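Visitor: One structure, as structure tokens, below. Some questions next.
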Amino acid sequence: MTIRKYTLHPVAEPGTGIDYPKALNERQLEAVMHGDGPLLIVAGAGTGKTRTLIYRVAHLVEQGVPPASILLLTFTRRSASEMLQRASVLLDRRCEKVSGGTFHSFANLVLRRHASAIGFGENFTILDRADSEELVGLMRHEIDVAHKTLRFPRKETLADLFSRAANREETVAEIVTRDAPHFLYCVDDIVRISGLYREAKRDRNLMDYDDLLLHMATLLREHAGIRRLLSESYRHILVDEYQDTNRVQAEILRLMADAHDNLTVVGDDAQSIYSFRGARFRNIMDFTCDFPNAHTVWLEENYRSRQPILDVTNEVIARAAEKFPKKLFSKRGGEDRPALVSAPNERTQSLFVADRIVELAEEQGLALSEIAVLFRAAYLSFDLEVELEKRHIPYRKFGGFKFLETAHVKDVVAHLRTVDNPRDSLSLSRILSLLPGVGKKRSADLARKAFELASLGPVIDALAGMKKSDEAGRLAALLSGLTRDHGLAVTEMMARVLAHYRPILEARFDDFPRRLKDLEHMESLCARHGTLPEFLAEITLEPPTASVGDMVAPDTEEDYLTLSTIHSAKGLEWKAVFIIWALDGKLPSLRAADREDEMEEERRLFYVAATRAKDILAITYPVNIFERATGTVLSTPSRFADEIPARLLPRYALID
DNA sequence: GTCACTGATCACATT
DNA sequence: GATCAGTGAC
């Protein structure tokens, strides 16, 4: 995000030392200068928590701590590398040597060395969400579901239940009881499938996202030698966005800090928005229980937003049920209050937002990169996107479907995965099913054979024997070439797979020119990676953030507007922010209505959205929206906006 | 066994 | 709108 670079603070020349008191306020300074031992930084939105972390990293390095023994864990890998880059500008290039990444990427790194200690091979394959759903689907068919008449959960639902159980360290039965009691009638079958799923992953040397964390925790817990080794290697651990960690992650941290207790966590309980992934905002409140000698620092001065915006966001969060009490303040004054705007329908909402964006850009000279439109769910921006395209306003959308999840990209990746891990029968049966005349049965049989022998040999022979099918012969040639020629560069492998896949793509999809662009983009991605396993782990752990259509225009220099889900907007800021579809039933989502804890999370979500704004904030909603699922008509603004006094948040209505 | 068709059912956020 | 189970034609 280029946006963050604009907030870079100019500091002394490298080598001349950092003028900490000049660059930081008193509280930030206290956090940065904290010596050894556990440290909790409770940092409200926009209070400079990233800055504090960066200075703390630089300070540690300056104090002589070897950079490689500092571990910086963040929510996305991109934010880790950005922070380390900024630390490098601050101090010197030593900061680039600091280890940084997400919990998942760090776990991947460790497990690639030590997986055998917990009964896995080091060349395990990482399953993304869709892969794990597919495998669950296979297991679902393994058992005879006796309840033909009653509804049995679909594979997506099952995978979701298993994931919840893993992230919260609860049993599948407990999760079903609490989150899906309507499936209690078949809870035994669900538990059986979860067992089969677990075994299938172990047999095939596969790990899903949750496994990376779970196995990492097991490794640390049960192998004191490895734990000591790791804990000694990373003498200082810093964690960003601590409010969005789950139980397993908290345990990993406790174990990692075993040898030294040098653990710094930064977070804001008011911005915890990932409970569906098992995040416990209570982790941040429990930190001082886990580490009784922890020092706590509070950051409350906001440098981002003008006071009228803070007046609104403070009201929103003041009504939260459970929180660390804090009230943010800003020296940035201003007259303009945020606005709550109703539109008679979605179309008018889109027209209004597009009009205002043009106005801000043309009349007030705001760059498009200083403006963002935020929403609860990815589909809510479709209508606006049509309008933006009509007016030729360039934008990029974050959140929603990733291009990695599209069929053609998955096809290509499956070829590479098969070569990397012949026991990955998911990928193998996927590419076999692409052949004409090969369906479920035959692909599964062949994949099983490859699995048993841990080799593609028999599959290649079988394919070569299918004389009638030209396609089968081509696939055989491709696979045997890729497995035989050792030491091939990833780019070369990709080029061969693409050459093979291209005719299949053209035969299967009407819109193949567009999809071909995605594949070309992927080709350019793999140029950055040395080995095949590295590349595969990379694209699964850190898939390109922009959604599908944006692959077409990746030119970076163009000024563009940001459309984003609120979740994907975490940690970012813009001068002007529009929150669309702030309609009660959409934000908060209707599905949160009967659970108080979920409603509280919706409140925090609204809070995160509103606190992204520096100067201008507009909250809009369409009325008379018919919800087919429930048969209700939604017409009231989000309760989180509605309960704010009009003197702080004035109301406006658009009329057609 | 494979494939193309039908009608019923459920739909958020992401590493 | 996508997915799933069931059906019948090759």
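Every chain in the structure tokens has a letter given in the order shown (A, B, ...), and although residue numbers restart at 1 in each chain, ligands are simply numbered from 1 in the order shown.
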Which residues come within 9 Å of Thr620 in chain A, counting only C-alpha atoms (C1' of nucleotides), excluding same-chain residues fewer than 6 positions away, as a PyMOL selection string?

Guide: chain A and resi 339-343+349+353+578-583+637

Visitor: Listing only residues of chain C within 12 Å of chain A, what is the closest atom pair and its distance in Å (to one decimal) for each, using only C-alpha atoms (C1' of nucleotides), sorted by chain and residue number ascending, as CSV?

Guide:
```
residue,atom,partner,partner_atom,distance
C:DG1,C1',A:Tyr379,CA,11.6
C:DT3,C1',A:Arg154,CA,9.0
C:DC4,C1',A:Arg154,CA,8.5
C:DA5,C1',A:Lys148,CA,10.3
C:DC10,C1',A:Gly437,CA,11.8
```

Visitor: Set out as a Markdown table a contact list for chain A and chain B with a cut-off of 10 Å, giving each residue of chain A that qualifies its closest atom pair and distance in Å to one decimal, counting only C-alpha atoms (C1' of nucleotides), ordered by chain and rising residue number.

Guide:
```
| residue | atom | partner | partner_atom | distance |
| --- | --- | --- | --- | --- |
| A:Phe75 | CA | B:DT15 | C1' | 8.2 |
| A:Thr76 | CA | B:DT15 | C1' | 8.0 |
| A:Thr102 | CA | B:DT15 | C1' | 8.1 |
| A:Phe103 | CA | B:DT15 | C1' | 8.4 |
| A:His104 | CA | B:DT15 | C1' | 6.6 |
| A:Ser105 | CA | B:DT15 | C1' | 8.9 |
| A:Asp128 | CA | B:DT15 | C1' | 9.1 |
| A:Arg129 | CA | B:DT14 | C1' | 9.3 |
| A:Arg151 | CA | B:DT9 | C1' | 9.8 |
| A:Arg154 | CA | B:DC10 | C1' | 9.8 |
| A:Tyr209 | CA | B:DT15 | C1' | 6.6 |
| A:Asp210 | CA | B:DT15 | C1' | 8.7 |
| A:Ile273 | CA | B:DA13 | C1' | 8.5 |
| A:Tyr274 | CA | B:DA13 | C1' | 7.7 |
| A:Ser275 | CA | B:DA13 | C1' | 9.7 |
| A:Phe276 | CA | B:DA13 | C1' | 7.9 |
| A:Arg277 | CA | B:DT14 | C1' | 7.8 |
| A:Arg376 | CA | B:DC12 | C1' | 7.4 |
| A:Ala377 | CA | B:DC12 | C1' | 5.7 |
| A:Ala378 | CA | B:DC12 | C1' | 8.3 |
| A:Tyr379 | CA | B:DC12 | C1' | 9.6 |
| A:Gly399 | CA | B:DT14 | C1' | 8.7 |
| A:Gly400 | CA | B:DA13 | C1' | 8.7 |
| A:Pro436 | CA | B:DT2 | C1' | 9.0 |
| A:Gly437 | CA | B:DT2 | C1' | 6.2 |
| A:Val438 | CA | B:DT2 | C1' | 7.0 |
| A:Gly439 | CA | B:DT2 | C1' | 6.0 |
| A:Lys440 | CA | B:DT2 | C1' | 8.5 |
| A:Lys441 | CA | B:DG1 | C1' | 7.3 |
| A:Arg442 | CA | B:DG1 | C1' | 8.2 |
| A:Thr540 | CA | B:DT15 | C1' | 9.0 |
| A:Leu541 | CA | B:DT15 | C1' | 6.5 |
| A:Glu542 | CA | B:DT15 | C1' | 7.7 |
| A:Pro543 | CA | B:DT15 | C1' | 9.5 |
| A:Thr565 | CA | B:DA13 | C1' | 7.9 |
| A:Ile566 | CA | B:DA13 | C1' | 8.2 |
| A:His567 | CA | B:DA13 | C1' | 6.3 |
| A:Ser568 | CA | B:DT14 | C1' | 8.7 |
| A:Lys586 | CA | B:DC12 | C1' | 9.5 |
| A:Ser589 | CA | B:DC12 | C1' | 8.1 |
| A:Arg591 | CA | B:DC12 | C1' | 9.2 |
| A:Leu605 | CA | B:DA13 | C1' | 9.9 |
| A:Ala629 | CA | B:DA11 | C1' | 8.9 |
```

Visitor: Taking the chain letters and numbering used in this document, name the residues of range 296-348 of chain A that DSSP puts in alpha helix (DSSP H), as a count of residues only.

Guide: 15

Visitor: Extract, using only C-alpha atoms (C1' of nucleotides), all DNA, RNA and protein residues at most 7 Å from range 227-231 of chain A, discarding same-chain residues fewer than 4 positions from it, and format them as a list in words.

Guide: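 Close residues of range 227-231 of chain A: Leu220, His223, Arg235, Met256, Ala257, Asp258 and Ala259 of chain A.
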
Visitor: Write out the residues from the selection above, keeping C-alpha atoms, as a short mmCIF file (atom, residue, chain, number, x, y, z; two decimals), in the first residue's frame.

Guide:
```cif
data_model
loop_
_atom_site.label_atom_id
_atom_site.label_comp_id
_atom_site.auth_asym_id
_atom_site.auth_seq_id
_atom_site.Cartn_x
_atom_site.Cartn_y
_atom_site.Cartn_z
CA LEU A 220 6.40 -26.90 20.70
CA HIS A 223 9.25 -31.54 21.99
CA ARG A 235 14.94 -13.78 21.74
CA MET A 256 7.90 -19.60 22.03
CA ALA A 257 8.61 -17.10 24.81
CA ASP A 258 9.42 -19.91 27.21
CA ALA A 259 13.13 -19.18 27.47
#
```

Visitor: Of the candidates A:Glu335, A:Tyr55, A:Met494, A:Tyr621, which shows the shortest atom-to-atom distance to Pro21 in chain A, using only C-alpha atoms?

Guide: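 The closest residue to Pro21 in chain A is A:Tyr55.
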
Visitor: Write out as a PyMOL selection string which residues come within 6 Å of Leu71 in chain A when counting only C-alpha atoms (C1' of nucleotides), dropping same-chain ones fewer than 4 positions away.

Guide: chain A and resi 99-100+237

Visitor: Could you take the residues named above and write them with C-alpha atoms, as a CSV table (one decimal), in the first residue's frame?

Guide:
```
chain,number,residue,atom,x,y,z
A,99,SER,CA,12.3,-12.3,10.8
A,100,GLY,CA,8.8,-11.4,10.0
A,237,ILE,CA,8.9,-11.6,19.7
```
